[in-house]
Amino acid sequence: MGTGSKSSHASYAVGPTAASEADDVLAEAPTQPISDEEAQAKGDLLVAMDLLGELADPPFAVDFEDAVPTDPVERYDLFVGQVEQAQEAIEKMKAAGASEEEIEAHTKALKAQTLAYLNSLDEEELREIAEAKGFEHPALVGLSGKGQHPLVHWLDPAYPGDIPSKAKIQAAALNRYNELLAGKTVGGMTLADLHEIEGTEPPLSGGAWQATPDEVAASAQAVTDSVDAWNEAKTNFGPQWQEKLSEALPAILAAEQKLSSADCPELGVGLTKVKAEAKAAVDDALSHGYVPPKVVQPLVQEAVASGQLSEAEAKHLGGQQLVALMRPNTPESEVESLKALAAKRQEQLANLDASYAAHVAVAPGNGQPLNLPPAGDPGAPQEIAAWAKNAGDVRAIQTDVNGWYSSTQQAASDTPYADHPALGPGKYLQPNELTSDFKAWATKQKLSDLRTVAAELGMDNNAKATRAQVQNYIAASFNKKYDQQAIKDKVNADVVKKEAAKAAKAAAPAPAPLKANGGLASDTEFQAVASKLSKSGTPSTAKQVPPAAKPVKAPKPGSFNANIQALMAEVQHAKATSQDLPTRVDAKEVAGWTFGPGTTASSLGGTYAKTVHPGPDGGQWMFKADHNHGGALGHTEAAASHVLSLGGVPAVPVYHHKQANGTAGSIQPLLKDAKPFTSSPSQWTQSQVDAIVRSHVGSWFVGEHDGHQNNWLTTPSGGLVQIDRGQAYKHFGLDKLSVDYAPSGGGGFTPVHQKLYQAALGGSLASGVKINPAAAHPVIKKFESMPDAQLRSVLHSTAHEGAKAGVAWVPQMRSQAAKALKIPQSQVTHDQIATAFLDHAVERKNNLRQNFSDFFVKQLGLPSGASLKHGGGS
């Protein structure tokens, strides 16, 4: 195949592997008239699949600058990128109306090419790539040498990474590693053989206490006895069975802990075998069956007090999960996964609490009407749309949380719903009841006002929709009984039908006037009658149309005058934005300011509690408390604001601040007289589109993907600014520069820049308005000119405080640090995590130009974006 393949490939069952076979499948796709969108998607798919074929069969027909790397991991990353592009193209074809048969054919062809590429790699390359992608002990799978190598499937990006078949492959490797630890051989391989292959050292048998062989045997027997007691208590259900389990569990953990920390040089590798056998016995006892939360409650309380478990882990994980965290031999990857799960659940509950409180303020229930403003009031459409979206979020989160909450420690407490009223009995949002309340309110509103609300929710064809269609469209935000896309399609179909009837009527010949006797009058007779009527003063049925004013001729696109007009518009827009933004002051000065008493600002929305305070400058300032991370997120939002301003991206200045009561967070001045930015891309001007593109460069640079409609404001002078950068760096290291990447969700939470690119690809921007890659150039250039040391300095507190507080990006940076330092993740320090974060930030800065050039060219199909790569802005 041209990629260093070896004869061992012959033993693998490949199926349809050749690229030509995939091309045949593509060629067999049914031919019929297709839309422009589907044609574009097909073109994108063919380009991506051609490149896939080139990856597996050099020479490569790509630009010199984009030459395929020789390193297997780098080449695999390029391969995954092409697969993702192909998958995106297939999804676009599906959205554009391609048939199921055609979609299936293209999907089959893609899988054939991914299989062909991965089967072209030898076993050593597969292991190297798998290890780089987080697979533990890849040398322990594919030992039989028969059939397709398991790592081919595990690495295949045509299949989701979290499917059971991939998880089983990793589980098999870990089970075999445990067998090696127990002194067994696997596929003729010993533990020493494996670590020689991996280039690592076997685990040491050293521990916290020196034991004799007899003491090791006694400790092992204690593990066996405690496991037997647990199994007996678990099988004898009686009035005190939970109490017996509560007694047996601490004995198991204590015995396992003692044995695992023993050191006995006299036993040599035999000690490792004893420990592995004990671990297997405990695994078998605790991994099967339900562990009631109350059984582990005393142990959990002790673990929290000692710092072994965090409060979040203790509250939000189930019995078995907590036991796994407290055991000494739980694999590091499982520990990190459980800690991340606890953090995710904590954030999910916080979102639910905030969303539910906002919901019941509007929809109290119990027969009470909705507390919504009249739809025609200023700002009401945005408020009503936000409520409808929030109601849908409440129901979705309630459904998800109810799936795990009942098995947690918090649910087993005496007051399980004290902190989370949205989960209490009778609090579950009932979509049909809420729909009835909403429609009772909606019947009293003007149809035109309801249409404006629907437009805020993405209904572009709202002006032609009936009252029922508009009401159902809004209700679909929280009631799955309705389908927003189906309603849109119905309205579109009605419009097309009416327009067709109107066109047919206009094309039909007008009937000739009738004579008095019923016969048709000739043209001459008709004109004579019309002339007499006109002369006698009888009003004519024809309206007198005044002469139209002479239109102002627009400059020719691309002409000198057109360019001057566009430049002046850009200058005016930039001036309007900058003059309305508060001036940034020195952060040390703000840290010393004393702010007046705060008032709750629930109307400002968002996840975190906010208060508004009078500032020493006479303005109003918003404080956002960071209760979960001790102020680390305040450092993050302040740094993101500072970085954006250095790149010329409009940003409200944000500062880390600590209140008099010790609560830390962020504080920022409020924009005066700002208004919501229109949600319809068809109404955006070229200046606004360019501003969104520049802001997107800044958002990607600071890893912020929460720029949805509610986070954009129009300033009093007509400028445009994105606010609330509180999620900066949240997904750092995992995020993607893609028109489809939106980790905060779609619908009303779709980032504005994503709505822009989707509108441009769908041809729904205003006439003459387009995506101009050159708009990104000034921002990229400013960011590039920032010295690495300056960027590290600005982000220093963000990196180090975030690492200590365990914010969202820590697991990814811990993993990057471990790989870079070639040490286990458990040994990575906070300073090393912070360094990995800063390294990644510098790397992103230095790759901005290349990344956005590729983004504009490959994802948006804009060849002019290639000029960014060479320092050009046009």
# chains A, B, ... in the order shown; residues from 1 in each chain; ligands from 1
>>> closest_atom_pairs(of="region 115-220 of chain A", to="region 224-230 of chain A", cutoff="12 Å", atoms="only C-alpha atoms", output="CSV")
residue,atom,partner,partner_atom,distance
A:Ala217,CA,A:Thr224,CA,10.6
A:Ala218,CA,A:Thr224,CA,9.8
A:Ser219,CA,A:Thr224,CA,8.8
A:Ala220,CA,A:Thr224,CA,6.4
>>> closest_atom_pairs(of="region 217-273 of chain A", to="region 175-198 of chain A", cutoff="12 Å", atoms="only C-alpha atoms", output="Markdown table")
| residue | atom | partner | partner_atom | distance |
| --- | --- | --- | --- | --- |
| A:Gly268 | CA | A:Gly183 | CA | 11.4 |
| A:Val269 | CA | A:Gly183 | CA | 7.8 |
| A:Gly270 | CA | A:Gly183 | CA | 7.5 |
| A:Leu271 | CA | A:Ala182 | CA | 9.0 |
| A:Thr272 | CA | A:Leu181 | CA | 6.1 |
| A:Lys273 | CA | A:Ala182 | CA | 3.8 |
>>> write_last_selection(atoms="N, CA, C and O atoms", output="PDB file, in the first residue's frame")
ATOM      1  N   GLY A 268      10.026 -11.592  46.754  1.00  0.00           N
ATOM      2  CA  GLY A 268      10.322 -11.190  45.386  1.00  0.00           C
ATOM      3  C   GLY A 268       9.056 -10.971  44.573  1.00  0.00           C
ATOM      4  O   GLY A 268       8.100 -10.351  45.020  1.00  0.00           O
ATOM      5  N   VAL A 269       9.067 -11.553  43.339  1.00  0.00           N
ATOM      6  CA  VAL A 269       7.892 -11.380  42.481  1.00  0.00           C
ATOM      7  C   VAL A 269       6.681 -12.126  43.026  1.00  0.00           C
ATOM      8  O   VAL A 269       5.556 -11.876  42.616  1.00  0.00           O
ATOM      9  N   GLY A 270       6.900 -13.026  43.975  1.00  0.00           N
ATOM     10  CA  GLY A 270       5.772 -13.736  44.570  1.00  0.00           C
ATOM     11  C   GLY A 270       4.824 -12.802  45.287  1.00  0.00           C
ATOM     12  O   GLY A 270       3.614 -13.066  45.367  1.00  0.00           O
ATOM     13  N   LEU A 271       5.344 -11.701  45.821  1.00  0.00           N
ATOM     14  CA  LEU A 271       4.481 -10.732  46.496  1.00  0.00           C
ATOM     15  C   LEU A 271       3.519 -10.092  45.501  1.00  0.00           C
ATOM     16  O   LEU A 271       2.337  -9.893  45.810  1.00  0.00           O
ATOM     17  N   THR A 272       4.019  -9.791  44.327  1.00  0.00           N
ATOM     18  CA  THR A 272       3.154  -9.217  43.283  1.00  0.00           C
ATOM     19  C   THR A 272       2.032 -10.174  42.937  1.00  0.00           C
ATOM     20  O   THR A 272       0.878  -9.768  42.736  1.00  0.00           O
ATOM     21  N   LYS A 273       2.356 -11.454  42.879  1.00  0.00           N
ATOM     22  CA  LYS A 273       1.346 -12.466  42.572  1.00  0.00           C
ATOM     23  C   LYS A 273       0.278 -12.527  43.659  1.00  0.00           C
ATOM     24  O   LYS A 273      -0.926 -12.565  43.371  1.00  0.00           O
TER      25      LYS A 273
END
>>> select_by_dssp(residues="region 201-419 of chain A", states="helix (DSSP H, G or I)", output="MDAnalysis selection string")
chainID A and resid 213:235 241:260 269:286 293:306 311:316 319:326 332:362 380:402 405:407
>>> write_last_selection(atoms="C-alpha atoms", output="short mmCIF file (atom, residue, chain, number, x, y, z; two decimals), in the first residue's frame")
data_model
loop_
_atom_site.label_atom_id
_atom_site.label_comp_id
_atom_site.auth_asym_id
_atom_site.auth_seq_id
_atom_site.Cartn_x
_atom_site.Cartn_y
_atom_site.Cartn_z
CA PRO A 213 6.34 -13.90 54.55
CA ASP A 214 4.06 -15.02 57.37
CA GLU A 215 2.65 -11.53 57.77
CA VAL A 216 1.97 -11.36 54.03
CA ALA A 217 0.16 -14.71 54.24
CA ALA A 218 -1.86 -13.45 57.21
CA SER A 219 -2.79 -10.27 55.33
CA ALA A 220 -3.85 -12.29 52.30
CA GLN A 221 -5.96 -14.55 54.53
CA ALA A 222 -7.59 -11.44 56.05
CA VAL A 223 -8.63 -10.38 52.55
CA THR A 224 -10.09 -13.84 51.91
CA ASP A 225 -11.98 -13.87 55.23
CA SER A 226 -13.44 -10.39 54.70
CA VAL A 227 -14.55 -11.28 51.17
CA ASP A 228 -16.27 -14.42 52.50
CA ALA A 229 -18.07 -12.35 55.16
CA TRP A 230 -19.23 -9.89 52.50
CA ASN A 231 -20.52 -12.63 50.21
CA GLU A 232 -22.39 -14.31 53.07
CA ALA A 233 -24.03 -11.03 54.15
CA LYS A 234 -24.97 -10.25 50.56
CA THR A 235 -26.76 -13.57 50.02
CA TRP A 241 -28.47 -7.39 56.06
CA GLN A 242 -27.39 -3.81 55.32
CA GLU A 243 -25.81 -3.51 58.77
CA LYS A 244 -23.84 -6.71 58.14
CA LEU A 245 -22.68 -5.38 54.78
CA SER A 246 -21.66 -2.13 56.49
CA GLU A 247 -19.46 -4.16 58.83
CA ALA A 248 -17.96 -6.36 56.13
CA LEU A 249 -17.07 -3.58 53.66
CA PRO A 250 -14.58 -1.67 55.87
CA ALA A 251 -12.91 -4.99 56.68
CA ILE A 252 -12.42 -5.72 52.97
CA LEU A 253 -10.97 -2.30 52.21
CA ALA A 254 -8.72 -2.30 55.27
CA ALA A 255 -7.40 -5.79 54.51
CA GLU A 256 -6.79 -4.98 50.85
CA GLN A 257 -5.10 -1.68 51.76
CA LYS A 258 -2.80 -3.40 54.25
CA LEU A 259 -1.77 -6.11 51.81
CA SER A 260 -1.28 -3.71 48.89
CA VAL A 269 7.89 -11.38 42.48
CA GLY A 270 5.77 -13.74 44.57
CA LEU A 271 4.48 -10.73 46.50
CA THR A 272 3.15 -9.22 43.28
CA LYS A 273 1.35 -12.47 42.57
CA VAL A 274 -0.26 -12.55 46.04
CA LYS A 275 -1.43 -8.97 45.71
CA ALA A 276 -2.88 -9.55 42.25
CA GLU A 277 -4.81 -12.63 43.42
CA ALA A 278 -6.24 -10.68 46.37
CA LYS A 279 -7.27 -7.85 44.08
CA ALA A 280 -9.03 -10.28 41.75
CA ALA A 281 -10.98 -11.74 44.68
CA VAL A 282 -12.07 -8.29 45.87
CA ASP A 283 -12.97 -7.30 42.30
CA ASP A 284 -15.22 -10.32 42.00
CA ALA A 285 -16.95 -9.59 45.31
CA LEU A 286 -17.57 -5.87 44.88
CA PRO A 293 -25.50 3.99 49.47
CA LYS A 294 -26.11 3.61 53.23
CA VAL A 295 -23.64 0.71 53.35
CA VAL A 296 -20.75 2.93 52.26
CA GLN A 297 -21.96 6.08 54.07
CA PRO A 298 -19.73 5.74 57.20
CA LEU A 299 -16.66 5.06 55.06
CA VAL A 300 -17.46 7.98 52.79
CA GLN A 301 -17.72 10.37 55.72
CA GLU A 302 -14.30 9.26 56.96
CA ALA A 303 -12.81 9.55 53.46
CA VAL A 304 -14.13 13.10 53.05
CA ALA A 305 -12.78 14.10 56.45
CA SER A 306 -9.33 12.72 55.55
CA GLU A 311 -17.53 16.60 48.71
CA ALA A 312 -18.60 16.45 45.07
CA GLU A 313 -17.51 12.81 44.74
CA ALA A 314 -19.17 11.86 48.02
CA LYS A 315 -22.49 13.39 47.01
CA HIS A 316 -22.74 12.54 43.35
CA GLY A 319 -21.98 3.00 46.15
CA GLN A 320 -19.86 0.91 43.79
CA GLN A 321 -18.26 4.01 42.30
CA LEU A 322 -17.28 5.35 45.72
CA VAL A 323 -15.84 1.99 46.73
CA ALA A 324 -13.74 2.01 43.57
CA LEU A 325 -12.33 5.42 44.49
CA MET A 326 -11.47 4.27 48.01
CA GLU A 332 -5.67 5.30 37.38
CA SER A 333 -7.79 5.72 34.25
CA GLU A 334 -10.89 4.54 36.14
CA VAL A 335 -10.16 6.90 39.04
CA GLU A 336 -9.82 9.87 36.68
CA SER A 337 -13.01 8.87 34.89
CA LEU A 338 -14.99 8.67 38.15
CA LYS A 339 -13.66 12.02 39.36
CA ALA A 340 -14.63 13.62 36.06
CA LEU A 341 -18.08 12.03 36.30
CA ALA A 342 -18.61 13.50 39.78
CA ALA A 343 -17.57 16.95 38.55
CA LYS A 344 -19.89 16.64 35.56
CA ARG A 345 -22.81 15.64 37.76
CA GLN A 346 -22.13 18.50 40.15
CA GLU A 347 -22.19 20.95 37.26
CA GLN A 348 -25.33 19.33 35.89
CA LEU A 349 -27.12 19.76 39.22
CA ALA A 350 -25.98 23.37 39.46
CA ASN A 351 -27.39 24.00 35.99
CA LEU A 352 -30.63 22.30 36.97
CA ASP A 353 -30.98 24.31 40.18
CA ALA A 354 -30.46 27.61 38.35
CA SER A 355 -32.67 26.67 35.40
CA TYR A 356 -35.47 25.35 37.63
CA ALA A 357 -35.48 28.47 39.82
CA ALA A 358 -35.77 30.64 36.71
CA HIS A 359 -38.53 28.40 35.37
CA VAL A 360 -40.81 28.35 38.42
CA ALA A 361 -40.52 32.14 38.69
CA VAL A 362 -42.40 32.25 35.38
CA ALA A 380 -40.25 40.57 25.70
CA PRO A 381 -39.72 38.29 22.64
CA GLN A 382 -36.18 37.53 23.78
CA GLU A 383 -37.34 36.95 27.36
CA ILE A 384 -40.18 34.63 26.29
CA ALA A 385 -37.91 32.67 23.92
CA ALA A 386 -35.32 32.30 26.68
CA TRP A 387 -38.00 30.99 29.05
CA ALA A 388 -39.21 28.42 26.48
CA LYS A 389 -35.66 27.17 25.85
CA ASN A 390 -34.97 27.06 29.56
CA ALA A 391 -38.12 24.99 30.15
CA GLY A 392 -36.84 22.46 27.63
CA ASP A 393 -33.46 22.39 29.38
CA VAL A 394 -35.12 21.80 32.75
CA ARG A 395 -37.04 18.81 31.44
CA ALA A 396 -33.99 17.34 29.68
CA ILE A 397 -31.75 17.70 32.74
CA GLN A 398 -34.44 16.32 35.07
CA THR A 399 -34.78 13.26 32.86
CA ASP A 400 -31.03 12.66 32.78
CA VAL A 401 -30.40 13.31 36.48
CA ASN A 402 -33.26 11.07 37.61
CA TYR A 405 -29.50 10.55 41.39
CA SER A 406 -31.41 7.89 43.36
CA SER A 407 -28.28 5.71 43.68
#
>>> select_by_dssp(residues="region 559-770 of chain A", states="strand (DSSP E or B)", output="PyMOL selection string")
chain A and resi 599-600+610-614+620-625+655-658+664-669+675-676+712-714+720-722
>>> atom_distance(atom1="CA of Leu720 (chain A)", atom2="CA of His777 (chain A)")
18.5 Å
>>> closest_residue(among="A:Leu457, A:Ala775, A:Ala742, A:Leu372", to="Lys444 (chain A)", atoms="only C-alpha atoms")
A:Leu372
>>> closest_residue(among="A:His657, A:His708, A:His106, A:His840", to="Pro676 (chain A)", atoms="only C-alpha atoms")
A:His708
>>> atom_distance(atom1="CA of Leu423 (chain A)", atom2="CA of Ala411 (chain A)")
10.0 Å
>>> residues_around(residues="Gln484 (chain A)", least_positions_apart="4", cutoff="10 Å", atoms="only C-alpha atoms", output="PDB file with all heavy atoms, in the first residue's frame")
ATOM      1  N   LEU A 457     -36.509  31.940  18.224  1.00  0.00           N
ATOM      2  CA  LEU A 457     -36.238  30.514  18.401  1.00  0.00           C
ATOM      3  C   LEU A 457     -35.816  29.842  17.103  1.00  0.00           C
ATOM      4  O   LEU A 457     -35.730  28.621  17.032  1.00  0.00           O
ATOM      5  CB  LEU A 457     -37.475  29.815  18.975  1.00  0.00           C
ATOM      6  CG  LEU A 457     -37.822  30.195  20.416  1.00  0.00           C
ATOM      7  CD1 LEU A 457     -39.222  29.709  20.776  1.00  0.00           C
ATOM      8  CD2 LEU A 457     -36.796  29.620  21.378  1.00  0.00           C
ATOM      9  N   GLY A 458     -35.575  30.660  16.057  1.00  0.00           N
ATOM     10  CA  GLY A 458     -35.039  30.112  14.815  1.00  0.00           C
ATOM     11  C   GLY A 458     -36.036  29.861  13.713  1.00  0.00           C
ATOM     12  O   GLY A 458     -35.715  29.201  12.727  1.00  0.00           O
ATOM     13  N   MET A 459     -37.256  30.389  13.834  1.00  0.00           N
ATOM     14  CA  MET A 459     -38.265  30.177  12.792  1.00  0.00           C
ATOM     15  C   MET A 459     -38.144  31.298  11.753  1.00  0.00           C
ATOM     16  O   MET A 459     -38.781  32.349  11.862  1.00  0.00           O
ATOM     17  CB  MET A 459     -39.669  30.168  13.398  1.00  0.00           C
ATOM     18  CG  MET A 459     -40.746  29.688  12.441  1.00  0.00           C
ATOM     19  SD  MET A 459     -42.377  29.655  13.240  1.00  0.00           S
ATOM     20  CE  MET A 459     -43.311  28.674  12.054  1.00  0.00           C
ATOM     21  N   GLN A 469     -49.512  27.279  14.161  1.00  0.00           N
ATOM     22  CA  GLN A 469     -48.156  26.838  13.834  1.00  0.00           C
ATOM     23  C   GLN A 469     -47.117  27.551  14.707  1.00  0.00           C
ATOM     24  O   GLN A 469     -46.178  26.939  15.193  1.00  0.00           O
ATOM     25  CB  GLN A 469     -47.874  27.104  12.353  1.00  0.00           C
ATOM     26  CG  GLN A 469     -48.631  26.163  11.417  1.00  0.00           C
ATOM     27  CD  GLN A 469     -48.552  26.579   9.969  1.00  0.00           C
ATOM     28  OE1 GLN A 469     -48.434  27.778   9.661  1.00  0.00           O
ATOM     29  NE2 GLN A 469     -48.634  25.619   9.056  1.00  0.00           N
ATOM     30  N   VAL A 470     -47.331  28.842  14.920  1.00  0.00           N
ATOM     31  CA  VAL A 470     -46.388  29.607  15.742  1.00  0.00           C
ATOM     32  C   VAL A 470     -46.423  29.109  17.186  1.00  0.00           C
ATOM     33  O   VAL A 470     -45.384  28.900  17.816  1.00  0.00           O
ATOM     34  CB  VAL A 470     -46.713  31.112  15.675  1.00  0.00           C
ATOM     35  CG1 VAL A 470     -45.921  31.874  16.733  1.00  0.00           C
ATOM     36  CG2 VAL A 470     -46.396  31.659  14.302  1.00  0.00           C
ATOM     37  N   ASN A 472     -47.361  26.167  18.339  1.00  0.00           N
ATOM     38  CA  ASN A 472     -46.783  24.826  18.434  1.00  0.00           C
ATOM     39  C   ASN A 472     -45.261  24.860  18.285  1.00  0.00           C
ATOM     40  O   ASN A 472     -44.536  24.080  18.922  1.00  0.00           O
ATOM     41  CB  ASN A 472     -47.386  23.914  17.370  1.00  0.00           C
ATOM     42  CG  ASN A 472     -48.850  23.611  17.642  1.00  0.00           C
ATOM     43  OD1 ASN A 472     -49.351  23.839  18.748  1.00  0.00           O
ATOM     44  ND2 ASN A 472     -49.550  23.118  16.637  1.00  0.00           N
ATOM     45  N   TYR A 473     -44.784  25.777  17.448  1.00  0.00           N
ATOM     46  CA  TYR A 473     -43.339  25.898  17.248  1.00  0.00           C
ATOM     47  C   TYR A 473     -42.656  26.334  18.539  1.00  0.00           C
ATOM     48  O   TYR A 473     -41.616  25.799  18.922  1.00  0.00           O
ATOM     49  CB  TYR A 473     -43.043  26.903  16.137  1.00  0.00           C
ATOM     50  CG  TYR A 473     -41.580  27.001  15.787  1.00  0.00           C
ATOM     51  CD1 TYR A 473     -41.018  26.158  14.829  1.00  0.00           C
ATOM     52  CD2 TYR A 473     -40.747  27.928  16.406  1.00  0.00           C
ATOM     53  CE1 TYR A 473     -39.669  26.237  14.512  1.00  0.00           C
ATOM     54  CE2 TYR A 473     -39.407  28.013  16.101  1.00  0.00           C
ATOM     55  CZ  TYR A 473     -38.873  27.166  15.147  1.00  0.00           C
ATOM     56  OH  TYR A 473     -37.539  27.231  14.842  1.00  0.00           O
ATOM     57  N   ILE A 474     -43.231  27.308  19.225  1.00  0.00           N
ATOM     58  CA  ILE A 474     -42.658  27.772  20.498  1.00  0.00           C
ATOM     59  C   ILE A 474     -42.738  26.657  21.542  1.00  0.00           C
ATOM     60  O   ILE A 474     -41.777  26.388  22.268  1.00  0.00           O
ATOM     61  CB  ILE A 474     -43.380  29.035  20.990  1.00  0.00           C
ATOM     62  CG1 ILE A 474     -43.211  30.179  19.983  1.00  0.00           C
ATOM     63  CG2 ILE A 474     -42.861  29.460  22.363  1.00  0.00           C
ATOM     64  CD1 ILE A 474     -44.050  31.403  20.278  1.00  0.00           C
ATOM     65  N   ALA A 475     -43.898  25.995  21.621  1.00  0.00           N
ATOM     66  CA  ALA A 475     -44.083  24.920  22.609  1.00  0.00           C
ATOM     67  C   ALA A 475     -43.142  23.747  22.354  1.00  0.00           C
ATOM     68  O   ALA A 475     -42.789  23.014  23.286  1.00  0.00           O
ATOM     69  CB  ALA A 475     -45.533  24.439  22.586  1.00  0.00           C
ATOM     70  N   ALA A 476     -42.703  23.572  21.111  1.00  0.00           N
ATOM     71  CA  ALA A 476     -41.788  22.472  20.800  1.00  0.00           C
ATOM     72  C   ALA A 476     -40.461  22.599  21.533  1.00  0.00           C
ATOM     73  O   ALA A 476     -39.716  21.622  21.650  1.00  0.00           O
ATOM     74  CB  ALA A 476     -41.539  22.407  19.287  1.00  0.00           C
ATOM     75  N   SER A 477     -40.164  23.790  22.055  1.00  0.00           N
ATOM     76  CA  SER A 477     -38.934  23.983  22.824  1.00  0.00           C
ATOM     77  C   SER A 477     -38.918  23.114  24.071  1.00  0.00           C
ATOM     78  O   SER A 477     -37.853  22.728  24.550  1.00  0.00           O
ATOM     79  CB  SER A 477     -38.778  25.457  23.222  1.00  0.00           C
ATOM     80  OG  SER A 477     -38.700  26.284  22.084  1.00  0.00           O
ATOM     81  N   LYS A 480     -41.831  17.533  23.318  1.00  0.00           N
ATOM     82  CA  LYS A 480     -41.403  16.735  22.170  1.00  0.00           C
ATOM     83  C   LYS A 480     -42.577  16.259  21.318  1.00  0.00           C
ATOM     84  O   LYS A 480     -42.370  15.644  20.266  1.00  0.00           O
ATOM     85  CB  LYS A 480     -40.583  15.538  22.649  1.00  0.00           C
ATOM     86  CG  LYS A 480     -39.236  15.922  23.228  1.00  0.00           C
ATOM     87  CD  LYS A 480     -38.407  14.699  23.578  1.00  0.00           C
ATOM     88  CE  LYS A 480     -37.041  15.096  24.105  1.00  0.00           C
ATOM     89  NZ  LYS A 480     -36.204  13.922  24.440  1.00  0.00           N
ATOM     90  N   LYS A 488     -41.746  23.968  10.374  1.00  0.00           N
ATOM     91  CA  LYS A 488     -41.103  24.806   9.362  1.00  0.00           C
ATOM     92  C   LYS A 488     -41.403  24.295   7.953  1.00  0.00           C
ATOM     93  O   LYS A 488     -41.736  25.062   7.042  1.00  0.00           O
ATOM     94  CB  LYS A 488     -39.581  24.809   9.575  1.00  0.00           C
ATOM     95  CG  LYS A 488     -39.073  25.774  10.619  1.00  0.00           C
ATOM     96  CD  LYS A 488     -37.547  25.734  10.584  1.00  0.00           C
ATOM     97  CE  LYS A 488     -36.934  26.671  11.593  1.00  0.00           C
ATOM     98  NZ  LYS A 488     -35.463  26.672  11.508  1.00  0.00           N
ATOM     99  N   ASP A 489     -41.262  22.981   7.773  1.00  0.00           N
ATOM    100  CA  ASP A 489     -41.496  22.388   6.457  1.00  0.00           C
ATOM    101  C   ASP A 489     -42.936  22.607   6.006  1.00  0.00           C
ATOM    102  O   ASP A 489     -43.193  22.884   4.824  1.00  0.00           O
ATOM    103  CB  ASP A 489     -41.179  20.889   6.491  1.00  0.00           C
ATOM    104  CG  ASP A 489     -39.704  20.610   6.713  1.00  0.00           C
ATOM    105  OD1 ASP A 489     -38.892  21.521   6.509  1.00  0.00           O
ATOM    106  OD2 ASP A 489     -39.369  19.474   7.104  1.00  0.00           O
ATOM    107  N   LYS A 490     -43.893  22.491   6.932  1.00  0.00           N
ATOM    108  CA  LYS A 490     -45.302  22.690   6.577  1.00  0.00           C
ATOM    109  C   LYS A 490     -45.552  24.132   6.154  1.00  0.00           C
ATOM    110  O   LYS A 490     -46.239  24.390   5.149  1.00  0.00           O
ATOM    111  CB  LYS A 490     -46.180  22.346   7.781  1.00  0.00           C
ATOM    112  CG  LYS A 490     -47.684  22.526   7.536  1.00  0.00           C
ATOM    113  CD  LYS A 490     -48.202  21.577   6.469  1.00  0.00           C
ATOM    114  CE  LYS A 490     -49.721  21.559   6.382  1.00  0.00           C
ATOM    115  NZ  LYS A 490     -50.297  22.834   5.974  1.00  0.00           N
TER     116      LYS A 490
END
>>> closest_residue(among="A:Ala803, A:His627, A:Thr330, A:Gln668", to="His613 (chain A)", atoms="only C-alpha atoms")
A:Gln668
>>> residues_around(residues="Lys111 (chain A)", least_positions_apart="4", cutoff="7 Å", atoms="only C-alpha atoms", output="PDB file with C-alpha atoms, in the first residue's frame")
ATOM      1  CA  THR A 107     -21.354   5.369   4.774  1.00  0.00           C
ATOM      2  CA  LEU A 115     -10.664  -0.275   7.199  1.00  0.00           C
ATOM      3  CA  ALA A 158     -15.835   5.526  11.395  1.00  0.00           C
TER       4      ALA A 158
END
>>> closest_residue(among="A:Ala591, A:Leu848, A:Ala112, A:Val152", to="Gln659 (chain A)", atoms="only C-alpha atoms")
A:Ala591
>>> residues_around(residues="Thr600 (chain A)", least_positions_apart="3", cutoff="7 Å", atoms="only C-alpha atoms", output="number ranges by chain")
A: 610-612
>>> write_last_selection(atoms="C-alpha atoms", output="short mmCIF file (atom, residue, chain, number, x, y, z; two decimals), in the first residue's frame")
data_model
loop_
_atom_site.label_atom_id
_atom_site.label_comp_id
_atom_site.auth_asym_id
_atom_site.auth_seq_id
_atom_site.Cartn_x
_atom_site.Cartn_y
_atom_site.Cartn_z
CA LYS A 610 -24.80 37.25 40.10
CA THR A 611 -25.17 40.44 42.10
CA VAL A 612 -25.04 44.07 40.94
#
>>> atom_distance(atom1="CA of Ile169 (chain A)", atom2="CA of Ala139 (chain A)")
11.7 Å
